[in-house]
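Participant: target_24.cif (mmCIF, C-alpha atoms and all ligand atoms) pasted underneath:
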```cif
data_work
loop_
_atom_site.label_atom_id
_atom_site.label_comp_id
_atom_site.auth_asym_id
_atom_site.auth_seq_id
_atom_site.Cartn_x
_atom_site.Cartn_y
_atom_site.Cartn_z
CA MET A 142 53.62 4.05 49.47
CA ALA A 143 54.97 7.59 49.35
CA ALA A 144 52.31 10.10 50.41
CA LEU A 145 50.41 12.24 47.97
CA LEU A 146 50.61 15.64 49.61
CA SER A 147 48.71 18.66 48.48
CA ARG A 148 49.50 22.32 49.06
CA PRO A 149 50.36 23.19 52.69
CA CYS A 150 47.34 23.70 54.91
CA PHE A 151 49.30 25.98 57.26
CA ILE A 152 52.83 26.98 58.26
CA SER A 153 53.40 27.21 61.96
CA LEU A 154 55.57 29.83 63.67
CA HIS A 155 56.76 29.75 67.26
CA LEU A 156 57.46 33.00 69.04
CA PRO A 157 59.54 33.43 72.17
CA TYR A 158 57.75 34.70 75.27
CA ARG A 159 56.41 38.26 74.73
CA GLN A 160 57.21 38.68 71.05
CA GLY A 161 53.85 39.74 69.69
CA TRP A 162 54.45 39.10 66.02
CA ALA A 163 50.88 37.90 65.44
CA GLN A 164 49.73 41.54 65.70
CA HIS A 165 52.25 42.51 63.03
CA LEU A 166 51.03 39.76 60.71
CA ALA A 167 47.46 40.98 61.22
CA ASN A 168 48.00 44.77 61.21
CA THR A 169 50.83 45.13 58.72
CA PHE A 170 50.47 42.17 56.40
CA ARG A 171 46.67 42.16 56.77
CA PHE A 172 46.43 38.45 57.54
CA GLN A 173 43.00 37.94 59.00
CA PRO A 174 42.78 36.22 62.41
CA VAL A 175 40.31 33.37 61.82
CA ALA A 176 40.57 31.11 64.87
CA VAL A 177 42.23 30.99 68.28
CA ARG A 178 43.04 28.44 70.96
CA GLU A 179 44.16 29.57 74.40
CA THR A 180 45.29 27.58 77.43
CA PRO A 181 46.93 28.93 80.62
CA ARG A 182 50.33 28.34 78.98
CA VAL A 183 49.96 29.01 75.24
CA ARG A 184 47.98 30.92 72.63
CA GLN A 185 47.64 29.62 69.07
CA LEU A 186 46.26 32.00 66.49
CA ALA A 187 45.44 31.08 62.89
CA LEU A 188 45.75 33.98 60.44
CA ARG A 189 44.74 33.70 56.82
CA GLN A 190 44.92 35.48 53.51
CA GLU A 191 43.18 33.53 50.74
CA SER A 192 44.77 30.05 50.96
CA ALA A 193 47.90 31.10 52.90
CA ILE A 194 47.46 30.32 56.62
CA PHE A 195 50.00 30.94 59.37
CA LEU A 196 49.52 29.35 62.76
CA VAL A 197 51.26 31.64 65.25
CA ASN A 198 52.14 29.92 68.53
CA GLU A 199 52.93 32.06 71.56
CA ARG A 200 53.89 31.19 75.09
CA LEU A 201 51.91 33.01 77.75
CA ALA A 202 54.41 32.32 80.51
CA PRO A 203 58.21 32.18 80.56
CA ALA A 204 58.11 28.73 82.17
CA SER A 205 58.84 25.87 79.82
CA THR A 206 55.96 24.28 78.00
CA SER A 207 55.35 20.58 77.65
CA PRO A 208 55.71 19.08 74.16
CA CYS A 209 51.93 18.58 73.94
CA ASP A 210 50.90 22.17 74.72
CA PHE A 211 50.60 23.10 71.06
CA LEU A 212 47.74 21.39 69.24
CA TYR A 213 48.49 20.14 65.69
CA ASP A 214 52.18 20.82 66.34
CA ILE A 215 54.97 20.19 68.80
CA ASP A 216 57.13 22.56 70.79
CA PRO A 217 60.40 23.18 68.96
CA GLN A 218 62.90 23.66 71.77
CA PRO A 219 64.87 25.93 72.25
CA THR A 220 62.63 28.95 72.54
CA LEU A 221 63.94 31.26 69.83
CA GLY A 222 61.56 32.48 67.10
CA THR A 223 61.28 29.86 64.40
CA ALA A 224 59.01 28.61 61.62
CA SER A 225 59.21 24.94 62.33
CA ASN A 226 56.12 23.10 61.12
CA VAL A 227 54.46 22.71 57.74
CA CYS A 228 51.08 21.00 57.79
CA PHE A 229 50.06 19.03 54.71
CA GLU A 230 46.64 17.63 54.00
CA VAL A 231 46.69 13.89 53.26
CA ASP A 232 44.05 11.19 52.70
CA ASP A 233 45.14 8.46 55.08
CA VAL A 234 46.93 9.72 58.20
CA PRO A 235 47.30 6.34 60.05
CA GLY A 236 48.50 4.54 56.88
CA LEU A 237 51.01 7.26 56.07
CA CYS A 238 52.32 7.50 59.65
CA LYS A 239 52.87 3.72 59.68
CA TRP A 240 54.69 3.81 56.38
CA LEU A 241 56.86 6.77 57.41
CA GLN A 242 57.82 4.92 60.60
CA SER A 243 58.84 1.90 58.49
CA GLN A 244 61.14 4.31 56.63
CA GLY A 245 62.83 5.29 59.91
CA CYS A 246 60.95 8.57 60.51
CA SER A 247 60.14 9.54 64.09
CA LEU A 248 56.48 9.85 64.89
CA LEU A 249 56.15 12.78 67.33
CA VAL A 250 52.35 12.64 67.66
CA PRO A 251 50.62 9.36 66.70
CA PRO A 252 47.40 9.52 64.64
CA THR A 253 44.86 11.36 66.76
CA GLU A 254 41.21 12.13 66.10
CA LEU A 255 39.61 15.38 67.28
CA SER A 256 36.07 16.55 66.74
CA ASP A 257 33.61 19.35 67.48
CA GLU A 258 30.27 20.44 66.04
CA GLY A 259 31.94 21.03 62.62
CA GLY A 260 32.95 17.36 62.24
CA SER A 261 36.18 15.47 62.88
CA VAL A 262 39.80 15.53 61.74
CA THR A 263 42.69 13.10 62.10
CA TYR A 264 46.26 14.30 62.41
CA GLY A 265 49.73 13.05 63.28
CA VAL A 266 53.10 14.82 63.50
CA VAL A 267 56.38 13.45 62.09
CA SER A 268 59.84 14.93 62.28
CA SER A 269 61.67 15.90 59.11
CA VAL A 270 65.32 15.08 58.47
CA VAL A 271 66.04 18.83 58.26
CA GLY A 272 66.87 20.66 61.53
CA ASN A 273 63.93 21.42 63.83
CA ILE A 274 61.28 20.99 61.11
CA SER A 275 58.24 18.79 61.68
CA HIS A 276 55.24 18.02 59.51
CA THR A 277 51.67 17.76 60.65
CA LEU A 278 49.75 15.36 58.43
CA LEU A 279 46.09 16.23 58.46
CA ASP A 280 42.90 14.69 57.09
CA ARG A 281 40.15 17.30 57.30
CA SER A 282 37.91 15.77 54.63
CA CYS A 283 35.17 15.20 57.25
CA TYR A 284 35.39 18.68 58.76
CA ARG A 285 33.26 21.69 57.82
CA GLY A 286 34.23 24.19 60.57
CA PRO A 287 36.19 27.41 59.89
CA PHE A 288 39.62 26.08 60.98
CA LEU A 289 40.17 23.00 63.14
CA PRO A 290 38.59 21.37 66.23
CA GLY A 291 39.96 22.85 69.44
CA PHE A 292 39.97 26.40 68.00
CA GLN A 293 37.35 29.09 68.51
CA PRO A 294 36.37 31.00 65.36
CA ILE A 295 37.07 34.75 65.31
CA HIS A 296 34.35 36.66 63.50
CA GLY A 297 34.37 40.11 62.00
CA ALA A 298 38.11 40.72 61.74
CA PRO A 299 39.08 43.17 58.95
CA SER A 300 40.10 41.63 55.64
CA ALA A 301 42.84 42.76 53.27
CA THR A 302 40.45 43.45 50.42
CA GLY A 303 40.61 47.04 49.28
CA ASP A 304 44.03 47.71 50.84
CA GLY A 305 45.94 46.89 47.66
CA ILE A 306 47.36 43.75 49.34
CA LYS A 307 46.86 40.72 47.15
CA ILE A 308 48.46 37.59 48.59
CA THR A 309 46.96 34.35 47.32
CA HIS A 310 48.99 31.32 48.49
CA PHE A 311 52.35 29.95 49.60
CA ASP A 312 54.58 29.80 46.53
CA HIS A 313 57.59 28.11 48.11
CA ILE A 314 59.25 27.29 51.40
CA THR A 315 63.03 27.61 51.49
CA TYR A 316 64.99 25.40 53.88
CA VAL A 317 68.55 26.11 54.91
CA CYS A 318 70.46 22.82 55.09
CA PRO A 319 73.87 22.20 56.63
CA ARG A 320 76.80 22.01 54.23
CA GLY A 321 76.59 18.73 52.34
CA GLY A 322 73.00 18.18 53.52
CA ALA A 323 70.77 19.52 50.72
CA ARG A 324 70.91 16.40 48.53
CA ALA A 325 70.01 14.08 51.43
CA ALA A 326 67.07 16.33 52.34
CA LEU A 327 65.87 16.31 48.74
CA ASP A 328 66.10 12.51 48.57
CA TRP A 329 64.19 12.15 51.86
CA TYR A 330 61.27 14.32 50.70
CA GLN A 331 61.14 12.51 47.37
CA ARG A 332 61.18 9.08 48.99
CA CYS A 333 58.88 9.74 51.96
CA PHE A 334 56.44 12.33 50.65
CA GLY A 335 56.44 11.64 46.91
CA PHE A 336 57.62 15.12 45.95
CA HIS A 337 58.90 15.50 42.37
CA ARG A 338 62.16 17.11 41.31
CA PHE A 339 61.74 20.60 39.94
CA LEU A 340 64.49 22.40 38.02
CA LEU A 341 64.86 25.99 39.19
CA ASN A 342 66.63 27.36 36.19
CA PRO A 343 67.12 26.34 32.56
CA GLN A 344 70.86 26.17 33.29
CA GLU A 345 70.46 23.70 36.17
CA ARG A 346 72.01 20.26 35.66
CA PRO A 347 69.83 17.70 37.47
CA ALA A 348 72.78 15.79 38.92
CA GLU A 349 74.39 18.94 40.36
CA GLY A 350 71.49 21.24 41.20
CA TYR A 351 71.41 24.98 40.62
CA VAL A 352 74.88 26.16 41.60
CA LEU A 353 75.19 29.91 42.06
CA GLY A 354 78.71 31.23 42.07
CA GLY A 355 80.60 34.47 41.71
CA GLN A 356 79.88 38.01 42.90
CA GLY A 357 79.68 37.00 46.55
CA VAL A 358 77.11 34.22 46.17
CA GLY A 359 78.20 30.64 46.70
CA MET A 360 75.11 28.51 47.08
CA LEU A 361 73.55 25.27 45.92
CA LEU A 362 69.79 25.20 45.40
CA LEU A 363 67.70 22.06 44.84
CA ALA A 364 63.92 22.09 44.56
CA LEU A 365 60.91 19.82 44.73
CA GLN A 366 57.27 20.19 43.96
CA SER A 367 54.45 18.20 45.52
CA ALA A 368 53.06 15.51 43.26
CA GLN A 369 49.50 16.81 43.03
CA ASP A 370 50.34 20.43 42.29
CA THR A 371 50.49 22.23 38.97
CA PRO A 372 53.55 24.37 38.19
CA ALA A 373 51.43 27.51 38.37
CA HIS A 374 49.91 26.79 41.76
CA GLY A 375 52.15 24.25 43.42
CA CYS A 376 54.04 24.98 46.59
CA LYS A 377 57.69 24.18 46.07
CA LEU A 378 60.27 23.16 48.64
CA VAL A 379 63.68 24.74 48.04
CA PHE A 380 66.80 23.37 49.75
CA ALA A 381 69.65 25.86 50.07
CA GLU A 382 73.19 25.00 51.08
CA SER A 383 76.08 27.42 51.39
CA LEU A 384 79.12 26.79 49.20
CA SER A 385 80.85 30.01 50.14
CA GLN A 386 84.24 30.17 51.79
CA ASN A 387 83.97 33.15 54.12
CA GLY A 388 80.89 32.23 56.21
CA THR A 389 79.27 35.68 56.37
CA ASN A 390 76.37 35.14 54.01
CA GLN A 391 72.63 34.80 54.56
CA VAL A 392 72.67 31.00 54.66
CA ASP A 393 75.61 30.53 57.05
CA THR A 394 74.27 33.32 59.25
CA PHE A 395 70.93 31.49 59.45
CA LEU A 396 72.64 28.26 60.57
CA GLU A 397 74.59 30.10 63.22
CA GLN A 398 71.78 32.26 64.63
CA HIS A 399 69.03 29.64 64.34
CA GLY A 400 71.21 27.01 65.98
CA GLY A 401 70.98 24.68 62.98
CA ALA A 402 69.01 23.96 59.84
CA GLY A 403 65.40 25.02 59.36
CA ILE A 404 62.95 27.13 57.39
CA GLN A 405 64.68 30.32 56.22
CA HIS A 406 61.83 31.97 54.33
CA VAL A 407 58.39 31.55 52.88
CA GLY A 408 57.54 32.95 49.45
CA LEU A 409 54.05 34.47 49.41
CA CYS A 410 52.52 34.56 45.97
CA THR A 411 51.00 37.89 44.99
CA THR A 412 49.10 38.79 41.86
CA ASP A 413 50.18 42.45 42.10
CA ILE A 414 53.56 42.97 43.73
CA VAL A 415 53.60 46.73 43.12
CA SER A 416 50.34 47.50 44.93
CA THR A 417 51.04 44.87 47.63
CA THR A 418 54.54 46.20 48.36
CA ARG A 419 53.35 49.80 48.40
CA ALA A 420 50.50 48.98 50.80
CA LEU A 421 52.76 46.92 53.07
CA GLN A 422 55.41 49.67 53.17
CA GLN A 423 52.71 52.16 54.12
CA GLN A 424 51.69 49.85 56.99
CA GLY A 425 55.31 49.78 58.18
CA ALA A 426 56.69 46.53 56.70
CA ARG A 427 60.47 46.74 56.16
CA PHE A 428 62.02 45.29 53.02
CA PHE A 429 65.59 44.84 51.82
CA THR A 430 66.46 47.40 49.17
CA PRO A 431 68.82 46.20 46.47
CA PRO A 432 72.00 48.16 45.74
CA THR A 433 71.15 51.14 43.46
CA THR A 434 73.45 49.63 40.83
CA TYR A 435 70.93 46.79 40.44
CA TYR A 436 68.67 48.97 38.27
CA SER A 437 71.51 50.61 36.31
CA GLN A 438 73.67 47.54 35.63
CA GLY A 439 73.91 46.32 32.01
CA ASP A 440 70.57 46.58 30.28
CA LYS A 441 68.45 45.99 33.41
CA ALA A 442 66.24 49.04 32.80
CA GLU A 443 65.68 47.82 29.25
CA GLU A 444 64.86 44.32 30.52
CA ILE A 445 62.32 45.76 32.99
CA ARG A 446 60.69 47.94 30.33
CA GLY A 447 60.66 44.97 27.93
CA ALA A 448 58.65 43.05 30.53
CA GLY A 449 56.11 45.88 30.55
CA GLN A 450 57.14 47.22 33.98
CA ASP A 451 58.38 50.67 35.00
CA PRO A 452 62.04 50.65 36.15
CA HIS A 453 61.57 53.83 38.24
CA MET A 454 58.60 52.37 40.06
CA LEU A 455 60.41 49.08 40.80
CA ALA A 456 63.51 51.00 41.96
CA GLU A 457 61.43 53.25 44.23
CA LEU A 458 59.84 50.23 45.92
CA GLY A 459 62.94 47.97 45.82
CA ILE A 460 61.32 45.25 43.69
CA LEU A 461 63.62 42.88 41.78
CA LEU A 462 62.83 41.53 38.31
CA ASP A 463 64.36 38.60 36.44
CA THR A 464 63.43 37.49 32.94
CA THR A 465 63.67 34.24 31.09
CA VAL A 466 62.58 33.13 27.67
CA PRO A 467 60.86 29.76 27.19
CA GLY A 468 63.34 27.31 25.74
CA HIS A 469 66.16 29.84 26.06
CA LYS A 470 69.14 28.76 28.10
CA GLY A 471 69.74 32.05 29.89
CA TRP A 472 67.95 34.14 32.52
CA SER A 473 68.52 37.84 33.10
CA GLY A 474 71.10 39.45 30.89
CA THR A 475 70.03 37.41 27.87
CA ASP A 476 68.42 38.83 24.77
CA ALA A 477 65.04 38.44 26.45
CA THR A 478 63.87 41.89 25.41
CA GLU A 479 63.68 40.78 21.78
CA SER A 480 61.23 37.98 22.48
CA PRO A 481 57.48 38.66 22.63
CA SER A 482 56.89 35.52 24.73
CA ARG A 483 59.24 36.31 27.62
CA GLU A 484 58.50 35.08 31.10
CA TYR A 485 59.57 36.93 34.19
CA LEU A 486 59.13 37.15 37.92
CA MET A 487 59.34 39.93 40.48
CA GLN A 488 60.45 39.50 44.09
CA ILE A 489 61.02 41.48 47.26
CA PHE A 490 62.23 40.23 50.65
CA THR A 491 61.34 41.48 54.14
CA HIS A 492 63.85 42.13 56.89
CA PRO A 493 64.15 39.23 59.35
CA ILE A 494 60.95 38.74 61.35
CA PHE A 495 62.49 37.71 64.69
CA SER A 496 65.30 39.33 66.67
CA GLU A 497 67.84 36.95 65.09
CA GLU A 498 68.89 37.15 61.40
CA THR A 499 66.86 34.10 60.57
CA PHE A 500 63.31 33.80 59.22
CA PHE A 501 61.85 36.28 56.71
CA LEU A 502 59.05 36.57 54.17
CA GLU A 503 59.17 37.16 50.45
CA LEU A 504 56.60 38.48 48.01
CA ILE A 505 56.79 36.84 44.60
CA ASP A 506 54.80 37.77 41.51
CA ARG A 507 55.25 35.16 38.80
CA ARG A 508 54.50 36.18 35.25
CA GLY A 509 55.07 32.78 33.68
CA ALA A 510 58.54 32.16 35.19
CA THR A 511 58.59 29.15 37.50
CA GLY A 512 62.13 29.18 38.96
CA PHE A 513 64.37 31.88 40.44
CA GLY A 514 66.84 34.22 38.77
CA GLU A 515 70.46 34.46 39.86
CA GLY A 516 70.51 38.27 39.52
CA ASN A 517 67.79 38.65 42.14
CA ILE A 518 69.49 36.31 44.61
CA GLN A 519 72.78 38.17 44.17
CA ALA A 520 71.00 41.49 44.81
CA LEU A 521 69.37 40.06 47.95
CA TRP A 522 72.64 38.71 49.34
CA LYS A 523 74.35 42.07 48.78
CA ALA A 524 71.49 43.94 50.46
CA VAL A 525 71.67 41.56 53.44
CA GLN A 526 75.42 42.11 53.70
CA VAL A 527 74.93 45.90 53.85
CA TYR A 528 72.16 45.46 56.45
CA MET A 529 74.30 43.18 58.64
CA ASP A 530 77.25 45.59 58.44
CA GLN A 531 74.92 48.41 59.58
CA GLN A 532 73.65 46.33 62.52
CA GLN A 533 77.18 45.93 63.94
O1 LIG A 601 64.88 33.39 45.63
C1 LIG A 601 64.27 32.68 46.45
O2 LIG A 601 63.13 32.95 46.86
C2 LIG A 601 64.86 31.42 46.95
O3 LIG A 601 64.21 30.68 47.64
C3 LIG A 601 66.34 31.18 46.70
C4 LIG A 601 67.16 31.66 47.85
C5 LIG A 601 67.65 30.76 48.77
C6 LIG A 601 68.42 31.19 49.86
C7 LIG A 601 68.70 32.54 50.00
O4 LIG A 601 69.48 32.97 51.03
C8 LIG A 601 68.20 33.46 49.09
C9 LIG A 601 67.43 33.03 48.01
#
```
Output the structure of this file as structure tokens.
Ligand SMILES: O=C(O)C(=O)Cc1ccc(O)cc1
Facilitator:
Amino acid sequence: MAALLSRPCFISLHLPYRQGWAQHLANTFRFQPVAVRETPRVRQLALRQESAIFLVNERLAPASTSPCDFLYDIDPQPTLGTASNVCFEVDDVPGLCKWLQSQGCSLLVPPTELSDEGGSVTYGVVSSVVGNISHTLLDRSCYRGPFLPGFQPIHGAPSATGDGIKITHFDHITYVCPRGGARAALDWYQRCFGFHRFLLNPQERPAEGYVLGGQGVGMLLLALQSAQDTPAHGCKLVFAESLSQNGTNQVDTFLEQHGGAGIQHVGLCTTDIVSTTRALQQQGARFFTPPTTYYSQGDKAEEIRGAGQDPHMLAELGILLDTTVPGHKGWSGTDATESPSREYLMQIFTHPIFSEETFFLELIDRRGATGFGEGNIQALWKAVQVYMDQQQ
């Protein structure tokens, strides 16, 4: 009985003492604070934009917390900033927890029922096989309140509407796995949670995964999609593993500075990346800018124009674009501009959110393309390299 999981209900972030990132998420990214829970030791704030919800967990005192201080989550020791929990809605929390335990998974919080005037929910927390990641399994089918029992609603907070920011849902969650660990993680999520394999690129061989090589990128990517989701709206899980020899890339740096495997980034789906990026930059969000050669290499400008976008505008904002053609074996650099039915995607990546070079956010605007393009990942890795050199 593998679980049938739907789209994530929320992604939970843990901040070290006195790192007020919740304000940034609200003021800069225009996530709307919808509910709060405060105890003498912790504050938990739920912020939402359409169906994307972050639960931001803060410590209110430097003293160590107990594992049960955070409701619907557990405390991921040590205390560095981390995105460590993904909550999925499920139908039968006790049945699923029992089955996961029979598969050798550790149950961190047994099935627990909580209620208030809005109704009742049942949740449990299990640990993932990847790093410090845990999953809250939640049945809120009998709950009508604004967020979850135990939280106070926040009314009247400003919404993003009218700002040009258009974020609709979580598109994907990318995990960094230790070397040799991506395949085992993929198998675990398929077996335990019923996720389906998803090929990221027309060139990907299912047995090998999407291997990116050359020009400084050595990485293996494998991806899954939850069983109930459609390709257009499903949240994917992406497992990244470094294959590179020199150990100074984005994936190895994550492992080193995060103290092990975990969630590296969350892709936020936007329906208008140009207006969203412009608005976020005006609010002070910092994004990686690709090398200037990105827009002048080969026939990139032609490819961008062929997709109906303006190369100068994308270059000014730092937005990346990759094209594919349905049924065609290549991605960017192919003869995509000759096809009327091309599919493409645009992406941009924020600087790391915490003081370590670890977790970041991505904006992704999919125009029919469901995977990722190698050209964009190469541009990101180069931009990160320049950024890290400047930090030293
Ligand atoms: O392009 C994306 O959004 C991905 O999720 C692929 C990816 C994985 C790891 C990286 O360090 C950079 C890119």
Participant: May I have the residues within 7 Å of region 411-418 of chain A as a ChimeraX atom specification, using all atoms listed in the file and disregarding those fewer than 6 positions away in the same chain?
Facilitator: /A:305-309,504-506
Participant: With all atoms listed in the file as the atoms that count, which of A:Phe172, A:Phe490, A:Phe336, A:Tyr330 lies nearest to ligand LIG 601 (chain A)?
Facilitator: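 Looking only at the distances to ligand LIG 601 (chain A), the closest residue turns out to be A:Phe490.
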Participant: Considering all atoms listed in the file, return as a VMD selection string whatever protein or nucleic-acid residues lie within 8 Å of Pro287 (chain A), sequence-local ones (same chain, fewer than 3 positions apart) excluded.
Facilitator: chain A and resid 175 to 176 294
Participant: With distances taken over all atoms listed in the file, which residue among A:Leu353, A:Cys228, A:Ile445, A:Ala187 lies nearest Phe288 (chain A)?
Facilitator: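 Comparing A:Leu353, A:Cys228, A:Ile445, A:Ala187 against Phe288 (chain A), the winner is A:Ala187.
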Participant: Could the centre and edge lengths of an axis-aligned box, enclosing all atoms of region 172-179 of chain A in the file with 5 Å extra on each side, be given in Å to one decimal as lines of an AutoDock Vina configuration file?
Facilitator:
```
center_x = 43.4
center_y = 33.4
center_z = 66.0
size_x = 16.1
size_y = 20.0
size_z = 26.9
```
Participant: Would you mind reading off the distance between CA of Arg200 (chain A) and CA of Leu409 (chain A), one decimal, in Å?
Facilitator: 25.9 Å
Participant: Tell me which protein, DNA and RNA residues are within 9 Å of His310 (chain A), counting all atoms listed in the file, leaving out same-chain ones fewer than 4 positions away, and put them as number ranges by chain.
Facilitator: A: 190-194, 374, 376, 408-411
Participant: Return as a PyMOL selection string every polymer residue, whether protein, DNA or RNA, with at least one atom no more than 9 Å from an atom of ligand LIG 601 (chain A); count only C-alpha atoms and all ligand atoms.
Facilitator: chain A and resi 313-317+360-362+378-383+390-393+395+405-408+488-490+503-505+512-515+517-519+521-522
Participant: Mind giving me the straight-line distance from CA of Pro217 (chain A) to CA of His337 (chain A) in Å, one decimal?
Facilitator: 27.7 Å
Participant: Which distance in Å separates CA of Ile274 (chain A) and CA of Thr169 (chain A), to one decimal?
Facilitator: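 Interatomic distance here is 26.4 Å.
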Participant: Taking only C-alpha atoms into account, which of A:Phe501, A:Tyr351, A:Phe311, A:Phe229 comes nearest Arg324 (chain A)?
Facilitator: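 The shortest atom-to-atom distance to Arg324 (chain A) comes from A:Tyr351.
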Participant: Which is closer to Ala323 (chain A) than all the others in A:Val270, A:Ala420, A:Gln531, A:Gly359, using only C-alpha atoms?
Facilitator: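 Smallest distance to Ala323 (chain A) is found for A:Val270.
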Participant: Got a sec: who's within 10 Å of Glu457 (chain A), counting all atoms listed in the file, leaving out chain neighbours fewer than 6 positions off, as number ranges by chain?
Facilitator: A: 419, 430, 433
Participant: Ranking A:His492, A:Lys523, A:Arg446, A:Arg508 by minimum distance to Pro431 (chain A) and counting all atoms listed in the file, which one comes first?
Facilitator: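 Looking at the shortest contact to Pro431 (chain A), the residue is A:Lys523.
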Participant: Using the incomplete input, complete region 276-295 of chain A to the level of N, CA and C atoms; output as a PDB file, in the coordinates of the input.
Facilitator:
```
ATOM      1  N   HIS A 276      56.400  17.925  60.406  1.00  0.00           N
ATOM      2  CA  HIS A 276      55.240  18.020  59.510  1.00  0.00           C
ATOM      3  C   HIS A 276      54.016  17.443  60.177  1.00  0.00           C
ATOM      4  N   THR A 277      52.965  18.251  60.205  1.00  0.00           N
ATOM      5  CA  THR A 277      51.670  17.760  60.650  1.00  0.00           C
ATOM      6  C   THR A 277      50.967  17.215  59.418  1.00  0.00           C
ATOM      7  N   LEU A 278      50.482  16.001  59.523  1.00  0.00           N
ATOM      8  CA  LEU A 278      49.750  15.360  58.430  1.00  0.00           C
ATOM      9  C   LEU A 278      48.286  15.353  58.838  1.00  0.00           C
ATOM     10  N   LEU A 279      47.454  15.932  58.024  1.00  0.00           N
ATOM     11  CA  LEU A 279      46.090  16.230  58.460  1.00  0.00           C
ATOM     12  C   LEU A 279      45.068  15.749  57.437  1.00  0.00           C
ATOM     13  N   ASP A 280      44.046  15.046  57.939  1.00  0.00           N
ATOM     14  CA  ASP A 280      42.900  14.690  57.090  1.00  0.00           C
ATOM     15  C   ASP A 280      41.710  15.487  57.614  1.00  0.00           C
ATOM     16  N   ARG A 281      41.298  16.503  56.865  1.00  0.00           N
ATOM     17  CA  ARG A 281      40.150  17.300  57.300  1.00  0.00           C
ATOM     18  C   ARG A 281      38.978  17.136  56.320  1.00  0.00           C
ATOM     19  N   SER A 282      38.968  15.979  55.631  1.00  0.00           N
ATOM     20  CA  SER A 282      37.910  15.770  54.630  1.00  0.00           C
ATOM     21  C   SER A 282      36.529  15.643  55.273  1.00  0.00           C
ATOM     22  N   CYS A 283      36.474  15.322  56.587  1.00  0.00           N
ATOM     23  CA  CYS A 283      35.170  15.200  57.250  1.00  0.00           C
ATOM     24  C   CYS A 283      34.931  16.382  58.177  1.00  0.00           C
ATOM     25  N   TYR A 284      35.537  17.519  57.875  1.00  0.00           N
ATOM     26  CA  TYR A 284      35.390  18.680  58.760  1.00  0.00           C
ATOM     27  C   TYR A 284      34.878  19.876  57.973  1.00  0.00           C
ATOM     28  N   ARG A 285      33.869  20.539  58.505  1.00  0.00           N
ATOM     29  CA  ARG A 285      33.260  21.690  57.820  1.00  0.00           C
ATOM     30  C   ARG A 285      33.424  22.992  58.601  1.00  0.00           C
ATOM     31  N   GLY A 286      34.076  22.974  59.745  1.00  0.00           N
ATOM     32  CA  GLY A 286      34.230  24.190  60.570  1.00  0.00           C
ATOM     33  C   GLY A 286      35.215  25.160  59.924  1.00  0.00           C
ATOM     34  N   PRO A 287      35.348  26.381  60.502  1.00  0.00           N
ATOM     35  CA  PRO A 287      36.190  27.410  59.890  1.00  0.00           C
ATOM     36  C   PRO A 287      37.694  27.100  59.923  1.00  0.00           C
ATOM     37  N   PHE A 288      38.187  26.426  60.960  1.00  0.00           N
ATOM     38  CA  PHE A 288      39.620  26.080  60.980  1.00  0.00           C
ATOM     39  C   PHE A 288      39.793  24.635  61.385  1.00  0.00           C
ATOM     40  N   LEU A 289      39.944  24.379  62.687  1.00  0.00           N
ATOM     41  CA  LEU A 289      40.170  23.000  63.140  1.00  0.00           C
ATOM     42  C   LEU A 289      39.530  22.828  64.519  1.00  0.00           C
ATOM     43  N   PRO A 290      39.135  21.592  64.887  1.00  0.00           N
ATOM     44  CA  PRO A 290      38.590  21.370  66.230  1.00  0.00           C
ATOM     45  C   PRO A 290      39.601  21.790  67.300  1.00  0.00           C
ATOM     46  N   GLY A 291      39.078  22.370  68.368  1.00  0.00           N
ATOM     47  CA  GLY A 291      39.960  22.850  69.440  1.00  0.00           C
ATOM     48  C   GLY A 291      40.165  24.348  69.354  1.00  0.00           C
ATOM     49  N   PHE A 292      39.810  24.951  68.207  1.00  0.00           N
ATOM     50  CA  PHE A 292      39.970  26.400  68.000  1.00  0.00           C
ATOM     51  C   PHE A 292      38.605  27.082  67.996  1.00  0.00           C
ATOM     52  N   GLN A 293      38.572  28.286  68.546  1.00  0.00           N
ATOM     53  CA  GLN A 293      37.350  29.090  68.510  1.00  0.00           C
ATOM     54  C   GLN A 293      37.408  30.020  67.302  1.00  0.00           C
ATOM     55  N   PRO A 294      36.341  30.078  66.497  1.00  0.00           N
ATOM     56  CA  PRO A 294      36.370  31.000  65.360  1.00  0.00           C
ATOM     57  C   PRO A 294      36.402  32.461  65.819  1.00  0.00           C
ATOM     58  N   ILE A 295      37.067  33.303  65.037  1.00  0.00           N
ATOM     59  CA  ILE A 295      37.070  34.750  65.310  1.00  0.00           C
ATOM     60  C   ILE A 295      36.264  35.391  64.183  1.00  0.00           C
TER      61      ILE A 295
END
```
